[in-house]
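Written below as structure tokens is the structure these notes are about.
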Amino acid sequence: MKLYDGGRAPNPRRVKVFLAEKAITVPTEQVDLGQLAHKSPAYAAINPLQRVPALELDDGTVICESIAICRYFEQLHPEPPLFGQGPKDMAMVEMWERRVEFHLLAPISHVFRHSHPAMKDMEVPQVPAWADANRPRAMDFLALLDRELKDRRYVAGDRYTVADITGMIAVDFMKPAKLAVPDTLTNLKRWHDEVSARPSAKA
Ligand SMILES: N[C@@H](CCC(=O)N[C@@H](CS)C(=O)NCC(=O)O)C(=O)O
């Protein structure tokens, strides 16, 4: 088994934090995004979408998409359960993970990819107006999440889950996107401080 990783890029980091939470070690190969190594014919043969992460199994199967990779490991190593337990809890985790991914990580990624000079060879064409359109979307969802976190400890409930992993990484990705969490969002800051203090956050 081999994990194709992409350094500090947010999606591969979601998988690495997930693996660290479960204390799973996987042989890893770095794909240098800065050098556009993911666009090479060799990597395109592994993932035709030319994105990281990708997990290659010993039988040659390649699993792409961060959450698909995490689900694979959740089945292999159910403890600690990071996708919830039981129908209602699992649905809530799924709901919040998707909300955080589509309404926070995605708009922040759009801001970064369409405004940062370092992304000009990767995001073609760069559309600065799309970055402008996504800034308020990210900030609106952040405010919503702050209100939600007033009454519970973690994004999807009382237990740390994959929704916290995606959320923490989205908030961390605000820095290169040149966005900042407003000081008024105290619930969000409390939660982010707590999840960032977990050893897995270093992954
Ligand atoms: N939906 C995919 C997204 C993968 C993705 O976009 N990865 C980024 C790094 S965070 C990438 O490979 N970017 C290369 C590019 O855009 O050319 C997932 O969940 O893994």
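Chain labels run A, B, ... following the order of the structure tokens; each chain numbers its residues from 1, and ligands are numbered from 1 in the order shown.
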Next item on the list: With a distance cut-off of 7 Å and only C-alpha atoms, select the neighbouring residues of range 17-26 of chain A, excluding the residue or stretch itself and same-chain residues fewer than 6 positions from it, and output the selection as a list of chain:residue names.
Entry: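 Here the answer would be A:Lys2, A:Leu3, A:Cys70, A:Glu79, A:Pro80, A:Ile165, A:Ser200, A:Ala201, A:Ala203.
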Could the residues of chain A that have an atom at most 9 Å from ligand 1 be listed as CSV, each with its closest atom pair and the distance in Å to one decimal, counting only C-alpha atoms and all ligand atoms and ordered by chain and ascending residue number?
```
residue,atom,partner,partner_atom_place_in_ligand_line,distance
A:Asp5,CA,ligand 1,9 (C),8.9
A:Gly6,CA,ligand 1,9 (C),6.6
A:Gly7,CA,ligand 1,9 (C),9.0
A:Arg8,CA,ligand 1,10 (S),8.1
A:Ala9,CA,ligand 1,10 (S),4.4
A:Pro10,CA,ligand 1,10 (S),4.5
A:Asn11,CA,ligand 1,10 (S),4.1
A:Pro12,CA,ligand 1,10 (S),6.1
A:Arg13,CA,ligand 1,10 (S),7.9
A:Arg14,CA,ligand 1,20 (O),8.4
A:Val15,CA,ligand 1,20 (O),8.6
A:Leu33,CA,ligand 1,14 (C),6.5
A:Leu36,CA,ligand 1,17 (O),7.4
A:His38,CA,ligand 1,14 (C),6.9
A:Lys39,CA,ligand 1,17 (O),7.3
A:Leu49,CA,ligand 1,12 (O),8.4
A:Gln50,CA,ligand 1,12 (O),6.3
A:Arg51,CA,ligand 1,12 (O),3.2
A:Val52,CA,ligand 1,12 (O),4.0
A:Pro53,CA,ligand 1,20 (O),5.5
A:Ala54,CA,ligand 1,20 (O),7.6
A:Cys64,CA,ligand 1,20 (O),6.2
A:Glu65,CA,ligand 1,20 (O),3.6
A:Ser66,CA,ligand 1,20 (O),3.8
A:Ile67,CA,ligand 1,19 (O),6.0
A:Ala68,CA,ligand 1,19 (O),7.9
A:Ile69,CA,ligand 1,20 (O),8.4
A:Glu101,CA,ligand 1,19 (O),8.8
A:Ser109,CA,ligand 1,10 (S),8.3
A:Arg113,CA,ligand 1,16 (O),8.2
A:Met119,CA,ligand 1,16 (O),8.5
A:Asp121,CA,ligand 1,17 (O),8.5
A:Met122,CA,ligand 1,17 (O),4.9
A:Glu123,CA,ligand 1,16 (O),6.4
```
Item checked: Nearby residues (only C-alpha atoms) at most 8 Å from Leu82 in chain A, same-chain spacing under 3 positions excluded, as a VMD selection string -> chain A and resid 74 79 160 to 162
Selected residues written out with C-alpha atoms, as a PDB file, in the first residue's frame:
```pdb
ATOM      1  CA  GLU A  74     -12.298   3.456   9.044  1.00  0.00           C
ATOM      2  CA  GLU A  79     -11.385   2.517  16.536  1.00  0.00           C
ATOM      3  CA  TYR A 160     -14.235  14.513  17.683  1.00  0.00           C
ATOM      4  CA  THR A 161     -14.896  13.256  14.123  1.00  0.00           C
ATOM      5  CA  VAL A 162     -13.787  13.589  10.523  1.00  0.00           C
TER       6      VAL A 162
END
```
Item checked: Shell of 10 Å around range 129-145 of chain A, only C-alpha atoms, local chain residues under 4 positions omitted, as a VMD selection string -> chain A and resid 96 99 to 100 102 to 116 149 to 150 155 167 170 to 171 174 177 to 182 184 to 185 187 to 188
Checklist line | Which of chain A fall in alpha helix (DSSP H), as number ranges by chain | finding: A: 10-21, 41-46, 66-76, 87-100, 106-115, 128-148, 162-172, 186-196
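Inside range 40-115 of chain A, the residues DSSP reads as strand (DSSP E or B) when given the backbone are A:Ala54, A:Leu55, A:Glu56, A:Val62, A:Ile63, A:Cys64.
CA of Pro48 in chain A is positioned 13.4 Å from CA of Thr61 in chain A.
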Margin query: I'd like to know which of A:Asp89, A:Asp59, A:Glu97, A:Glu29 is closest to Thr166 in chain A, using only C-alpha atoms.
Written below: A:Glu97
Margin query: What does the structure give for the distance between CA of Leu76 in chain A and CA of Ala91 in chain A, in Å to one decimal?
Written below: 20.1 Å
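Checking A:Gly157, A:Pro199, A:Pro27, A:Gly34 one by one against Met95 in chain A, counting only C-alpha atoms, you find the shortest gap at A:Gly157.
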Item checked: Which residue of A:Tyr72, A:Phe83, A:Tyr4, A:Tyr154 approaches Asn47 in chain A most closely, using only C-alpha atoms ->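 Smallest separation from Asn47 in chain A among the options: A:Tyr4.
Shortest separation to Val93 in chain A among A:Asp193, A:Asp158, A:Asp146, A:Glu56 occurs at residue A:Asp158, atoms counted being only C-alpha atoms.
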